[in-house]
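As stored in final_15.cif (mmCIF, C-alpha atoms):
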data_query
#
loop_
_atom_site.label_atom_id
_atom_site.label_comp_id
_atom_site.auth_asym_id
_atom_site.auth_seq_id
_atom_site.Cartn_x
_atom_site.Cartn_y
_atom_site.Cartn_z
CA MET A 7 133.95 104.62 118.63
CA LYS A 8 135.67 105.06 115.27
CA LYS A 9 135.25 101.34 114.53
CA LEU A 10 131.56 101.54 115.43
CA LEU A 11 131.00 104.56 113.15
CA LEU A 12 132.86 102.83 110.34
CA ALA A 13 130.72 99.70 110.75
CA LEU A 14 127.52 101.77 110.69
CA PHE A 15 128.70 103.57 107.56
CA LEU A 16 129.47 100.33 105.75
CA PHE A 17 126.13 98.84 106.80
CA SER A 18 124.32 101.95 105.53
CA THR A 19 125.78 101.40 102.06
CA LEU A 20 124.04 98.01 101.77
CA SER A 21 120.65 97.81 100.10
CA ILE A 22 117.93 96.58 102.43
CA LYS A 23 114.37 96.43 101.18
CA ALA A 24 111.10 94.58 101.58
CA GLN A 25 109.20 93.17 98.63
CA TYR A 26 105.74 91.75 98.05
CA ALA A 27 105.75 88.01 98.65
CA SER A 28 104.70 86.77 95.21
CA GLU A 29 106.63 83.55 95.88
CA TYR A 30 109.55 83.75 98.27
CA GLU A 31 110.91 87.13 97.26
CA SER A 32 109.84 88.91 100.42
CA GLY A 33 112.04 89.84 103.34
CA TYR A 34 115.04 92.06 103.73
CA VAL A 35 117.77 91.87 101.12
CA VAL A 36 121.35 92.84 101.89
CA LYS A 37 123.28 93.31 98.65
CA LEU A 38 126.91 92.33 98.91
CA ASN A 39 127.99 93.83 95.59
CA ASP A 40 126.82 96.55 93.20
CA ASP A 41 124.76 94.38 90.84
CA GLY A 42 123.06 92.50 93.69
CA LYS A 43 124.09 89.03 92.49
CA LYS A 44 125.77 88.46 95.83
CA TYR A 45 123.22 88.89 98.59
CA ILE A 46 121.73 87.67 101.84
CA ARG A 47 117.94 87.53 102.17
CA PHE A 48 116.18 87.38 105.55
CA ILE A 49 112.56 86.21 105.82
CA LEU A 50 110.96 86.66 109.24
CA PHE A 51 107.39 85.62 110.01
CA GLY A 52 105.12 84.87 112.91
CA GLN A 53 101.66 83.35 113.29
CA ALA A 54 99.59 83.91 116.45
CA TRP A 55 96.39 81.96 117.12
CA PHE A 56 93.29 82.17 119.26
CA GLN A 57 91.20 79.00 119.40
CA ASP A 58 87.80 78.22 120.87
CA TYR A 59 86.52 74.64 120.98
CA GLU A 60 82.93 73.58 121.48
CA GLY A 61 83.08 72.77 125.16
CA HIS A 62 86.05 72.98 127.53
CA ASN A 63 89.37 71.95 126.02
CA GLN A 64 92.96 72.44 127.17
CA ASN A 65 93.84 73.92 123.78
CA ASP A 66 91.38 76.82 124.15
CA GLY A 67 93.01 80.23 124.19
CA PHE A 68 96.04 81.95 122.74
CA SER A 69 99.16 80.44 121.20
CA VAL A 70 102.08 81.16 118.91
CA LYS A 71 101.72 78.71 116.06
CA ARG A 72 105.04 79.54 114.40
CA ALA A 73 107.90 81.98 114.99
CA ARG A 74 110.49 81.57 112.24
CA LEU A 75 113.54 83.12 110.64
CA ILE A 76 114.82 82.02 107.23
CA ALA A 77 118.10 83.31 105.84
CA TYR A 78 119.68 82.33 102.55
CA SER A 79 122.56 83.66 100.52
CA GLN A 80 124.07 83.30 97.07
CA LEU A 81 127.66 84.23 96.35
CA ASN A 82 126.81 83.61 92.68
CA ASP A 83 124.18 81.64 90.77
CA LYS A 84 126.09 78.39 91.45
CA PHE A 85 126.17 78.27 95.25
CA MET A 86 123.47 78.80 97.86
CA ILE A 87 123.22 78.25 101.62
CA LEU A 88 119.95 78.38 103.55
CA THR A 89 119.26 78.22 107.28
CA HIS A 90 115.86 78.09 108.93
CA PHE A 91 115.35 78.53 112.69
CA GLY A 92 112.21 78.77 114.76
CA ALA A 93 109.81 77.55 117.42
CA ASN A 94 106.31 76.08 117.11
CA GLY A 95 103.19 75.57 119.17
CA ILE A 96 103.88 77.89 122.11
CA SER A 97 100.92 77.93 124.52
CA ASP A 98 100.08 78.18 128.23
CA ASN A 99 100.45 74.39 128.42
CA ASN A 100 104.16 74.38 127.61
CA LEU A 101 105.47 77.77 128.75
CA SER A 102 107.70 77.58 131.84
CA PRO A 103 107.91 80.09 134.72
CA MET A 104 111.39 81.32 133.79
CA GLY A 105 111.56 80.37 130.14
CA LYS A 106 113.84 77.42 130.84
CA GLY A 107 111.47 74.54 130.15
CA ASN A 108 112.12 71.70 127.73
CA ASP A 109 108.95 71.98 125.63
CA VAL A 110 109.43 75.37 123.95
CA GLN A 111 112.64 75.38 121.95
CA ILE A 112 114.10 77.32 119.07
CA PHE A 113 115.68 74.67 116.87
CA LEU A 114 117.24 74.27 113.45
CA HIS A 115 114.52 73.38 110.96
CA GLU A 116 116.75 73.38 107.89
CA MET A 117 120.32 73.88 106.76
CA ILE A 118 120.74 73.45 103.02
CA LEU A 119 123.88 73.60 100.90
CA GLN A 120 123.14 73.72 97.20
CA TYR A 121 125.24 73.67 94.02
CA LYS A 122 123.89 74.38 90.54
CA VAL A 123 125.48 71.85 88.18
CA THR A 124 123.65 72.91 85.01
CA ASP A 125 120.51 74.85 84.14
CA PHE A 126 118.66 71.53 84.49
CA LEU A 127 120.21 70.13 87.66
CA SER A 128 121.11 71.29 91.16
CA LEU A 129 122.57 69.05 93.86
CA GLY A 130 122.48 69.69 97.56
CA GLY A 131 122.45 68.29 101.04
CA GLY A 132 121.91 68.96 104.71
CA LEU A 133 118.74 69.12 106.76
CA HIS A 134 116.31 69.66 103.89
CA ASN A 135 112.68 69.73 102.81
CA TYR A 136 113.11 68.34 99.30
CA GLY A 137 111.62 65.08 98.05
CA GLY A 138 108.06 63.68 97.85
CA ILE A 139 105.22 62.82 98.42
CA SER A 140 102.99 65.55 97.04
CA ARG A 141 102.82 69.29 96.62
CA GLY A 142 101.03 69.41 99.97
CA ASN A 143 103.94 67.58 101.58
CA GLY A 144 106.24 70.38 100.38
CA GLN A 145 103.88 73.20 101.39
CA GLY A 146 105.49 76.35 102.72
CA SER A 147 104.09 78.05 105.82
CA ILE A 148 103.87 81.67 104.68
CA ASN A 149 101.37 81.49 101.83
CA MET A 150 98.90 78.72 102.65
CA LEU A 151 95.40 79.12 101.31
CA THR A 152 93.86 77.54 104.41
CA LEU A 153 94.65 78.44 108.00
CA ASP A 154 97.17 75.62 108.23
CA ASN A 155 98.30 72.68 106.14
CA ASN A 156 96.24 69.54 105.71
CA ARG A 157 98.04 67.53 108.40
CA SER A 158 97.67 64.20 106.58
CA ASP A 159 99.65 65.63 103.63
CA TRP A 160 102.68 65.68 105.94
CA SER A 161 102.72 61.90 106.24
CA THR A 162 106.40 61.59 107.20
CA LEU A 163 106.42 64.27 109.90
CA GLY A 164 108.02 62.94 113.08
CA LEU A 165 108.23 59.40 111.67
CA SER A 166 111.19 59.53 109.29
CA ASP A 167 112.15 63.18 109.74
CA GLN A 168 112.41 66.08 112.18
CA TYR A 169 109.36 68.29 111.68
CA LEU A 170 109.20 67.39 107.95
CA ASN A 171 112.92 67.93 107.32
CA HIS A 172 115.18 65.02 106.40
CA LEU A 173 118.93 64.72 106.83
CA GLY A 174 120.42 63.74 103.48
CA MET A 175 121.04 64.85 99.92
CA PHE A 176 118.81 65.85 97.03
CA ALA A 177 118.70 66.53 93.29
CA LYS A 178 116.29 69.03 91.77
CA GLY A 179 115.75 70.86 88.52
CA LYS A 180 113.56 71.69 85.57
CA ILE A 181 113.51 70.08 82.13
CA ASP A 182 111.23 72.00 79.80
CA LYS A 183 107.97 72.14 81.78
CA PHE A 184 108.83 69.24 84.07
CA ASN A 185 109.87 70.22 87.59
CA TYR A 186 111.46 67.47 89.67
CA ARG A 187 112.98 66.77 93.09
CA PHE A 188 114.44 63.52 94.43
CA SER A 189 116.20 62.75 97.70
CA ILE A 190 117.91 60.05 99.74
CA SER A 191 117.96 60.69 103.46
CA ASP A 192 119.00 59.19 106.76
CA ALA A 193 115.78 58.52 108.67
CA VAL A 194 115.49 59.55 112.31
CA VAL A 195 115.88 56.92 115.03
CA SER A 196 113.36 58.17 117.62
CA THR A 197 109.91 58.89 116.19
CA LEU A 198 106.47 60.00 117.35
CA ASP A 199 105.87 56.30 118.08
CA GLY A 200 108.72 56.02 120.59
CA ASP A 201 112.42 55.14 120.78
CA SER A 202 114.73 52.18 121.36
CA ASN A 203 113.19 51.58 124.80
CA THR A 204 109.63 51.20 123.48
CA ILE A 205 107.95 47.84 124.12
CA LEU A 206 105.34 46.66 121.63
CA ASN A 207 102.24 44.78 122.72
CA PRO A 208 101.27 41.61 120.80
CA GLY A 209 99.87 42.57 117.39
CA GLU A 210 100.94 46.21 117.76
CA GLU A 211 102.65 48.07 114.89
CA LYS A 212 105.00 51.04 115.38
CA TYR A 213 107.16 53.16 113.08
CA LEU A 214 110.34 52.07 114.87
CA GLY A 215 112.31 49.89 112.47
CA LYS A 216 115.48 51.89 112.91
CA ALA A 217 115.19 52.12 116.70
CA LEU A 218 114.22 48.52 117.50
CA LEU A 219 115.70 46.50 114.64
CA GLN A 220 118.57 48.73 113.45
CA LYS A 221 117.03 48.58 109.97
CA ALA A 222 115.24 51.22 107.88
CA LYS A 223 118.45 53.19 107.46
CA TYR A 224 117.52 55.32 104.43
CA ALA A 225 114.38 56.92 103.07
CA TYR A 226 113.89 57.63 99.36
CA SER A 227 111.42 60.12 97.96
CA GLY A 228 110.60 62.17 94.91
CA TYR A 229 108.06 64.39 93.25
CA VAL A 230 107.59 65.48 89.63
CA ASP A 231 105.01 67.88 88.27
CA TYR A 232 104.27 69.12 84.77
CA GLN A 233 103.63 72.87 84.71
CA PHE A 234 101.30 73.57 81.79
CA LEU A 235 101.06 77.35 82.12
CA ASP A 236 103.28 79.80 84.03
CA GLN A 237 106.42 78.28 85.48
CA GLU A 238 107.10 78.31 89.22
CA SER A 239 110.42 79.07 90.86
CA ASN A 240 112.27 76.09 92.35
CA LEU A 241 115.04 78.06 94.06
CA LEU A 242 113.66 77.14 97.51
CA PRO A 243 111.95 73.89 98.56
CA TYR A 244 108.66 75.43 99.72
CA ARG A 245 105.65 75.07 97.40
CA VAL A 246 103.33 78.06 97.19
CA GLY A 247 99.76 77.70 98.49
CA THR A 248 98.16 80.67 96.71
CA TYR A 249 99.45 83.27 94.26
CA LEU A 250 96.38 85.52 94.61
CA GLY A 251 96.15 85.55 90.82
CA SER A 252 99.64 86.98 90.25
CA LYS A 253 100.42 83.89 88.12
CA LYS A 254 98.42 81.49 85.99
CA ILE A 255 99.33 78.02 87.20
CA PHE A 256 98.07 74.57 86.27
CA ASN A 257 100.19 71.61 87.41
CA ILE A 258 99.70 67.86 87.53
CA GLY A 259 102.09 66.02 89.83
CA ALA A 260 103.03 62.59 91.14
CA GLY A 261 105.26 61.58 94.02
CA PHE A 262 106.44 58.75 96.24
CA PHE A 263 108.17 57.92 99.52
CA SER A 264 109.82 54.62 100.42
CA GLN A 265 111.56 53.36 103.57
CA ASN A 266 112.18 49.64 103.84
CA ASP A 267 111.64 47.89 107.19
CA ALA A 268 110.26 51.06 108.80
CA ILE A 269 107.26 49.42 110.49
CA VAL A 270 107.76 46.95 113.35
CA GLU A 271 105.10 44.47 114.48
CA ASN A 272 105.08 42.25 117.55
CA LEU A 273 104.00 38.93 116.01
CA ASN A 274 103.68 36.24 118.67
CA GLY A 275 106.55 37.73 120.63
CA ASN A 276 108.80 38.18 117.59
CA LEU A 277 109.54 41.58 116.08
CA ILE A 278 109.11 41.59 112.31
CA SER A 279 109.57 44.50 109.92
CA LYS A 280 107.41 45.86 107.11
CA ASP A 281 108.09 48.54 104.51
CA ALA A 282 106.60 52.04 104.52
CA LYS A 283 105.51 53.41 101.15
CA HIS A 284 103.42 56.36 100.01
CA TYR A 285 102.22 57.22 96.49
CA ALA A 286 100.31 60.35 95.49
CA LEU A 287 98.74 62.15 92.54
CA ASP A 288 97.70 65.79 92.73
CA LEU A 289 96.56 68.86 90.79
CA PHE A 290 97.11 72.53 91.51
CA TYR A 291 95.36 75.45 89.81
CA ASP A 292 95.76 79.16 90.52
CA ALA A 293 94.65 81.78 88.01
CA PRO A 294 93.33 85.33 87.79
CA ILE A 295 89.68 85.98 86.99
CA GLY A 296 89.08 89.32 85.38
CA GLU A 297 91.15 92.25 86.58
CA SER A 298 91.10 91.73 90.35
CA SER A 299 89.77 88.27 91.24
CA SER A 300 91.37 84.82 91.27
CA ILE A 301 90.71 81.19 92.11
CA THR A 302 93.01 78.71 93.88
CA ALA A 303 92.32 74.97 93.94
CA TYR A 304 94.22 71.87 95.02
CA ALA A 305 93.29 68.17 95.07
CA LYS A 306 95.32 65.13 96.11
CA PHE A 307 94.84 61.36 96.22
CA GLN A 308 97.33 59.30 98.23
CA ASN A 309 97.78 55.62 98.90
CA SER A 310 99.89 54.53 101.86
CA ASP A 311 101.23 51.01 102.39
CA LEU A 312 102.08 50.93 106.09
CA GLY A 313 101.93 47.46 107.62
CA ASP A 314 98.48 45.93 108.08
CA ARG A 315 96.65 48.32 110.41
CA TYR A 316 99.26 50.94 111.23
CA LEU A 317 97.82 54.20 112.52
CA GLN A 318 99.38 57.35 113.91
CA GLY A 319 97.05 59.99 115.31
CA PHE A 320 94.18 59.54 112.81
CA VAL A 321 96.24 61.37 110.15
CA VAL A 322 98.79 58.76 109.00
CA GLY A 323 97.84 55.17 108.33
CA ASN A 324 97.64 52.21 106.00
CA GLY A 325 95.11 52.92 103.24
CA ASN A 326 93.81 55.69 101.01
CA GLN A 327 93.15 59.37 101.53
CA PHE A 328 91.80 62.31 99.57
CA SER A 329 92.01 66.00 100.30
CA GLY A 330 91.26 69.23 98.50
CA HIS A 331 90.46 72.90 98.90
CA VAL A 332 89.17 75.82 96.84
CA GLY A 333 89.54 79.55 97.49
CA TYR A 334 88.12 82.58 95.71
CA LEU A 335 89.57 86.08 95.89
CA ILE A 336 86.58 88.45 95.95
CA PRO A 337 86.75 91.10 93.20
CA LYS A 338 87.52 94.68 94.15
CA LYS A 339 87.69 97.92 92.22
CA ILE A 340 91.34 98.93 92.20
CA ARG A 341 91.98 102.63 92.22
CA GLU A 342 94.83 104.11 90.24
CA GLY A 343 98.09 103.75 92.13
CA GLU A 344 96.56 101.35 94.69
CA SER A 345 98.05 97.91 95.30
CA LYS A 346 95.71 95.13 94.14
CA TYR A 347 96.81 92.98 97.10
CA LYS A 348 95.74 95.25 99.95
CA ASN A 349 92.48 94.90 101.90
CA ARG A 350 91.30 91.82 100.03
CA PHE A 351 89.08 88.92 101.13
CA GLN A 352 89.39 85.29 100.13
CA PRO A 353 86.83 82.75 101.42
CA TYR A 354 87.71 79.07 101.09
CA ILE A 355 86.46 75.56 101.76
CA ALA A 356 88.52 72.42 102.42
CA TYR A 357 87.79 68.74 102.91
CA SER A 358 89.89 65.70 103.82
CA THR A 359 88.94 62.06 104.22
CA ARG A 360 91.12 59.11 105.25
CA ASP A 361 90.01 55.50 104.87
CA PHE A 362 92.65 53.64 106.86
CA THR A 363 92.50 49.96 107.78
CA GLY A 364 93.28 50.88 111.38
CA LEU A 365 90.11 52.99 111.68
CA ASP A 366 86.61 51.71 112.34
CA LYS A 367 85.28 54.36 109.95
CA ALA A 368 86.79 56.97 107.64
CA ALA A 369 88.20 60.08 109.35
CA ASN A 370 86.86 63.31 107.86
CA ASP A 371 87.73 66.97 108.32
CA PHE A 372 85.66 69.86 106.99
CA LYS A 373 86.99 73.42 107.02
CA LEU A 374 85.33 76.71 106.18
CA GLY A 375 87.30 79.92 106.42
CA ALA A 376 88.44 83.23 104.96
CA ASN A 377 91.63 85.24 104.59
CA TRP A 378 91.70 89.00 105.00
CA TYR A 379 94.81 90.26 103.22
CA ILE A 380 95.59 93.55 104.90
CA ASP A 381 98.78 93.90 102.85
CA GLY A 382 98.91 90.88 100.59
CA LEU A 383 100.70 87.88 102.03
CA ASN A 384 102.83 90.16 104.19
CA ALA A 385 100.02 90.89 106.66
CA LYS A 386 96.83 88.86 106.90
CA VAL A 387 94.16 87.64 109.29
CA THR A 388 92.54 84.23 108.85
CA VAL A 389 89.40 82.85 110.45
CA GLU A 390 88.46 79.18 110.15
CA TYR A 391 85.87 76.75 111.44
CA GLN A 392 86.81 73.06 111.45
CA LYS A 393 84.67 70.04 112.21
CA SER A 394 86.07 66.50 112.54
CA ASN A 395 84.16 63.24 112.95
CA TYR A 396 86.83 61.26 114.81
CA LEU A 397 87.55 63.45 117.84
CA PRO A 398 85.67 63.58 121.19
CA LYS A 399 82.83 66.08 121.55
CA ASN A 400 84.93 68.65 123.39
CA ALA A 401 87.46 68.73 120.52
CA ASN A 402 85.60 67.91 117.29
CA GLN A 403 84.70 71.53 116.47
CA VAL A 404 87.08 74.46 116.69
CA PHE A 405 87.02 78.10 115.64
CA THR A 406 90.43 79.67 115.06
CA ILE A 407 91.62 83.23 114.41
CA GLN A 408 95.15 83.71 113.10
CA ALA A 409 97.16 86.90 112.76
CA MET A 410 100.25 86.64 110.56
CA ILE A 411 102.98 89.11 109.64
CA LEU A 412 105.71 88.35 107.11
CA LEU A 413 108.74 90.57 106.65
#

Now, as a test, write the supplied structure out as structure tokens.
Amino acid sequence: MKKLLLALFLFSTLSIKAQYASEYESGYVVKLNDDGKKYIRFILFGQAWFQDYEGHNQNDGFSVKRARLIAYSQLNDKFMILTHFGANGISDNNLSPMGKGNDVQIFLHEMILQYKVTDFLSLGGGLHNYGGISRGNGQGSINMLTLDNNRSDWSTLGLSDQYLNHLGMFAKGKIDKFNYRFSISDAVVSTLDGDSNTILNPGEEKYLGKALLQKAKYAYSGYVDYQFLDQESNLLPYRVGTYLGSKKIFNIGAGFFSQNDAIVENLNGNLISKDAKHYALDLFYDAPIGESSSITAYAKFQNSDLGDRYLQGFVVGNGNQFSGHVGYLIPKKIREGESKYKNRFQPYIAYSTRDFTGLDKAANDFKLGANWYIDGLNAKVTVEYQKSNYLPKNANQVFTIQAMILL
């Protein structure tokens, strides 16, 4: 009992507080010394969905899109460790009677060890989300403008990485107004296209160079953007989707991804390899308008060199793609002492088109939605309508409601 009381007393002396999520400064902070330079920060968030498709679809109904816990700590400004655990896509289709199924799993998304060499350079390694191809490819999940990310921005997901996180090392930093990140990583063996037991049909292309040919060992990627106005934090890898006008941001960026021999083709019974490369240019703008309004806009062009007609799920393929979105925070009269981020509405529109050689026609997605910020980014509800031209009639239109809480 005495040990328990002593532990409770020591815990009560630590500072634990929640903050508004302007970037990634939300969560609960446990100070480990008086000046707070040694700390542990916990970020907990969940996103619950309800979806209704036009016509009967197995994805109709309720789901947990994400359930995540991020924890990171700094003993001083030189060293940092970050861990990120969670589960994704929990629905009636993958729940098991006793919670012991194989589909729903809490797994390690990230484990990052980072060392600050100078004010201009930090080195790190582990299971990380640093590198290219674009700002959208590094998008965090807690402050997206749209309901969810533009899936085609995450062009490496499940092909060279585990749920967008690579196993390797990275370098990042800022030089004047240039913000950069580069990485070399060990690509995964099994991918969304299969594993070492997969058999390719004649003329078929799969992202299985490492599994079938024992090639495609490493993946290289990088992204650099020039930040004309306010400067963004690069402490964590996640790029912010909307600042709700708390900053004035205008960035132009460029990125790449390269993995030699990643694509395998069955050519007349022989397996040959081809390189996988992505190149992107993008722009991001977020700025206040007047005293209480703001605008957020993002646009990206990407070229992918993936075999001849490689295609993975209509979202990754050989060819060009463009995507963009715009959101507007509706003005509101802010009373004295009232938070400007509570009970706010932000309608948005988004569009994506992909002209891949493996498609008979370009794949397009149109999204129209709105965010209701009950308490800024810490508590919000999102509604979105999406229409796609490449899916069957019972799946090409979907209405989604999301509830999200971030602590």

Checklist entry - Pick the closest to Ile76 in chain A from A:Leu335, A:Ile46, A:Ala177, A:Leu250: which is it, counting only C-alpha atoms? => result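 Looking at the shortest contact to Ile76 in chain A, the residue is A:Ile46.
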
Checklist entry - Do you know which residues the PyMOL selection byres ((chain A and resi 232) around 10) returns on this file, as a ChimeraX atom specification? => result /A:180-186,230-231,233-235,237,256-260,289

Store the residues of this selection in a file with C-alpha atoms, as a PDB file, in the frame of the given file.
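That gives us selection.pdb:
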ATOM      1  CA  LYS A 180     113.560  71.690  85.570  1.00  0.00           C
ATOM      2  CA  ILE A 181     113.510  70.080  82.130  1.00  0.00           C
ATOM      3  CA  ASP A 182     111.230  72.000  79.800  1.00  0.00           C
ATOM      4  CA  LYS A 183     107.970  72.140  81.780  1.00  0.00           C
ATOM      5  CA  PHE A 184     108.830  69.240  84.070  1.00  0.00           C
ATOM      6  CA  ASN A 185     109.870  70.220  87.590  1.00  0.00           C
ATOM      7  CA  TYR A 186     111.460  67.470  89.670  1.00  0.00           C
ATOM      8  CA  VAL A 230     107.590  65.480  89.630  1.00  0.00           C
ATOM      9  CA  ASP A 231     105.010  67.880  88.270  1.00  0.00           C
ATOM     10  CA  GLN A 233     103.630  72.870  84.710  1.00  0.00           C
ATOM     11  CA  PHE A 234     101.300  73.570  81.790  1.00  0.00           C
ATOM     12  CA  LEU A 235     101.060  77.350  82.120  1.00  0.00           C
ATOM     13  CA  GLN A 237     106.420  78.280  85.480  1.00  0.00           C
ATOM     14  CA  PHE A 256      98.070  74.570  86.270  1.00  0.00           C
ATOM     15  CA  ASN A 257     100.190  71.610  87.410  1.00  0.00           C
ATOM     16  CA  ILE A 258      99.700  67.860  87.530  1.00  0.00           C
ATOM     17  CA  GLY A 259     102.090  66.020  89.830  1.00  0.00           C
ATOM     18  CA  ALA A 260     103.030  62.590  91.140  1.00  0.00           C
ATOM     19  CA  LEU A 289      96.560  68.860  90.790  1.00  0.00           C
TER      20      LEU A 289
END

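One distance worth recording is that between CA of Lys71 in chain A and CA of Ile96 in chain A, which is 6.5 Å.
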
Checklist entry - Can you list, as an MDAnalysis selection string, every protein, DNA or RNA residue that comes within 12 Å of range 52-55 of chain A when you count all atoms listed in the file, leaving out same-chain residues fewer than 5 positions away? => result chainID A and resid 65:76 92:97 147:150 153:154 384:390 404:413

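In this model, the gap between CA of Asn39 in chain A and CA of Tyr121 in chain A comes to 20.4 Å.
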
Show me, as a Markdown table, the residues of range 347-383 of chain A having an atom within 12 Å of range 293-316 of chain A, each with the closest atom pair and its distance in Å, using only C-alpha atoms.
| residue | atom | partner | partner_atom | distance |
| --- | --- | --- | --- | --- |
| A:Tyr347 | CA | A:Ser298 | CA | 8.9 |
| A:Lys348 | CA | A:Ser298 | CA | 11.2 |
| A:Arg350 | CA | A:Ser299 | CA | 9.6 |
| A:Phe351 | CA | A:Ser299 | CA | 9.9 |
| A:Gln352 | CA | A:Ser300 | CA | 9.1 |
| A:Pro353 | CA | A:Ile301 | CA | 10.2 |
| A:Tyr354 | CA | A:Thr302 | CA | 9.0 |
| A:Ile355 | CA | A:Ala303 | CA | 9.8 |
| A:Ala356 | CA | A:Tyr304 | CA | 9.4 |
| A:Tyr357 | CA | A:Ala305 | CA | 9.6 |
| A:Ser358 | CA | A:Lys306 | CA | 9.4 |
| A:Thr359 | CA | A:Phe307 | CA | 10.0 |
| A:Arg360 | CA | A:Gln308 | CA | 9.4 |
| A:Asp361 | CA | A:Asn309 | CA | 9.8 |
| A:Phe362 | CA | A:Arg315 | CA | 7.5 |
| A:Thr363 | CA | A:Arg315 | CA | 5.2 |
| A:Gly364 | CA | A:Arg315 | CA | 4.3 |
| A:Leu365 | CA | A:Arg315 | CA | 8.1 |
| A:Asp366 | CA | A:Arg315 | CA | 10.8 |

Export of the given selection (C-alpha atoms) as a PDB file, in the coordinates of the input:
ATOM      1  CA  TYR A 347      96.810  92.980  97.100  1.00  0.00           C
ATOM      2  CA  LYS A 348      95.740  95.250  99.950  1.00  0.00           C
ATOM      3  CA  ARG A 350      91.300  91.820 100.030  1.00  0.00           C
ATOM      4  CA  PHE A 351      89.080  88.920 101.130  1.00  0.00           C
ATOM      5  CA  GLN A 352      89.390  85.290 100.130  1.00  0.00           C
ATOM      6  CA  PRO A 353      86.830  82.750 101.420  1.00  0.00           C
ATOM      7  CA  TYR A 354      87.710  79.070 101.090  1.00  0.00           C
ATOM      8  CA  ILE A 355      86.460  75.560 101.760  1.00  0.00           C
ATOM      9  CA  ALA A 356      88.520  72.420 102.420  1.00  0.00           C
ATOM     10  CA  TYR A 357      87.790  68.740 102.910  1.00  0.00           C
ATOM     11  CA  SER A 358      89.890  65.700 103.820  1.00  0.00           C
ATOM     12  CA  THR A 359      88.940  62.060 104.220  1.00  0.00           C
ATOM     13  CA  ARG A 360      91.120  59.110 105.250  1.00  0.00           C
ATOM     14  CA  ASP A 361      90.010  55.500 104.870  1.00  0.00           C
ATOM     15  CA  PHE A 362      92.650  53.640 106.860  1.00  0.00           C
ATOM     16  CA  THR A 363      92.500  49.960 107.780  1.00  0.00           C
ATOM     17  CA  GLY A 364      93.280  50.880 111.380  1.00  0.00           C
ATOM     18  CA  LEU A 365      90.110  52.990 111.680  1.00  0.00           C
ATOM     19  CA  ASP A 366      86.610  51.710 112.340  1.00  0.00           C
TER      20      ASP A 366
END

Sorted by chain and rising residue number, list the residues of range 277-391 of chain A at most 8 Å from range 265-268 of chain A (counting only C-alpha atoms), each with its closest atom pair and distance in Å to one decimal, as JSON lines.
{"residue": "A:Ser279", "atom": "CA", "partner": "A:Asp267", "partner_atom": "CA", "distance": 4.8}
{"residue": "A:Lys280", "atom": "CA", "partner": "A:Asp267", "partner_atom": "CA", "distance": 4.7}
{"residue": "A:Asp281", "atom": "CA", "partner": "A:Asn266", "partner_atom": "CA", "distance": 4.3}
{"residue": "A:Ala282", "atom": "CA", "partner": "A:Gln265", "partner_atom": "CA", "distance": 5.2}
{"residue": "A:Lys283", "atom": "CA", "partner": "A:Gln265", "partner_atom": "CA", "distance": 6.5}

Next on the checklist: I'd like to see the residues matched by the PyMOL selection byres ((chain A and resi 167-170) around 10) on this file, and ideally I'd get them as a list in words.
Outcome noted: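 Those residues are Asn94, Leu114, His115, Glu116, Leu133, His134, Asn135, Tyr136, Asn143, Gly144, Trp160, Ser161, Thr162, Leu163, Gly164, Leu165, Ser166, Asn171, His172, Leu173, Ser191, Asp192, Ala193, Val194, Val195, Ser196, Thr197, Leu198 and Ala225 of chain A.
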
Checklist entry - What is the distance between CA of Lys253 in chain A and CA of Lys338 in chain A, in Å to one decimal? => result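 Calculated distance between CA of Lys253 in chain A and CA of Lys338 in chain A is 17.9 Å.
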
Next on the checklist: I need the output of the PyMOL selection byres ((chain A and resi 396) around 12) for this file as a PyMOL selection string; which residues are they?
Outcome noted: chain A and resi 319-321+359-361+365-372+393-395+397-403
